[in-house]
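Enquirer: Just passing along the structure, written as structure tokens.
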Amino acid sequence: MIMAKVEVCTFLLALSFVSAQYQPNWGSLDARPLPEWYDQAKFGIFLHWGAYAVPSYGGGSAQGASEWFWWDWQGEQKQWAVDFMQRNYQSGFTYADFAPSFTAELFDPDAWADLFQAAGARYVVLTS
């Protein structure tokens with residue numbers, strides 16, 4: 001039941017953006033209205049889940065969060081991230097090499113939906 005509600009909300013949200021025309025600049029994007037349901041929800045959950053979950057490294061604010069792992073490792077080449085990769089992965093390992101290990105084998109969407117509903121969440125956004 002909750003998944004059906006999430007699908008309807010996602011569809012309605014997408015539909016609300018289809019009819020609007022925005023320009024590729026902050027002024028135009030900032031002019032878009034918040035959907036009423038979102039503005040009134042008060043509590044929602046954003047899930048950050050992707051290939052960066054495979055190394056499971058998020059060493060705290062000083063060392064970044066796991067969703068920034070690629071940037072810390074390859075973009076800024078922060079020493080902690082480079083050291084972590086050298087200690088745990090073979091030379092030449094790339095970010096794309098994490099993908100086959102991202103299996104989500106224990107993912108149970110019904111259990112997640114039950115948990116989010118019990119917590120009082122009015123919306124859930126998955127970002128990867």
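Each chain in the structure tokens gets a letter, A, B, ..., in the order shown, and its residues are numbered from 1; ligands are numbered from 1 in order too.
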Near A:Val125, within 9 Å and counting only C-alpha atoms, which residues show up once chain neighbours fewer than 5 positions away are dropped, as JSON, numbers by chain?

Expert: {"A": [44, 45, 46, 47, 48]}

Enquirer: Near A:Phe84, within 9 Å and counting only C-alpha atoms, which residues show up once chain neighbours fewer than 5 positions away are dropped, as JSON, numbers by chain?

Expert: {"A": [57, 73, 79, 89]}

Enquirer: Go ahead and write the residues just picked, C-alpha atoms, as a PDB file, in the first residue's frame.

Expert:
```
ATOM      1  CA  TYR A  57      33.797   4.101   3.857  1.00  0.00           C
ATOM      2  CA  TRP A  73      39.610   9.563  -3.922  1.00  0.00           C
ATOM      3  CA  GLN A  79      45.393  11.160   1.187  1.00  0.00           C
ATOM      4  CA  TYR A  89      42.013  -2.854  -3.366  1.00  0.00           C
TER       5      TYR A  89
END
```

Enquirer: If I take atom CA of A:Tyr95 and atom CA of A:Trp70, how far is one from the other in Å, to one decimal?

Expert: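 It comes out at 6.9 Å.
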
Enquirer: So that I can check the secondary structure, give me every residue of stretch 57-106 of chain A assigned alpha helix (DSSP H) by backbone DSSP, as a PyMOL selection string.

Expert: chain A and resi 69-70+79-88

Enquirer: Show me, as a PyMOL selection string, the residues that have an atom within 12 Å of stretch 96-100 of chain A when counting only C-alpha atoms, minus same-chain residues fewer than 6 positions from it.

Expert: chain A and resi 50-56+69-70+85+89-90
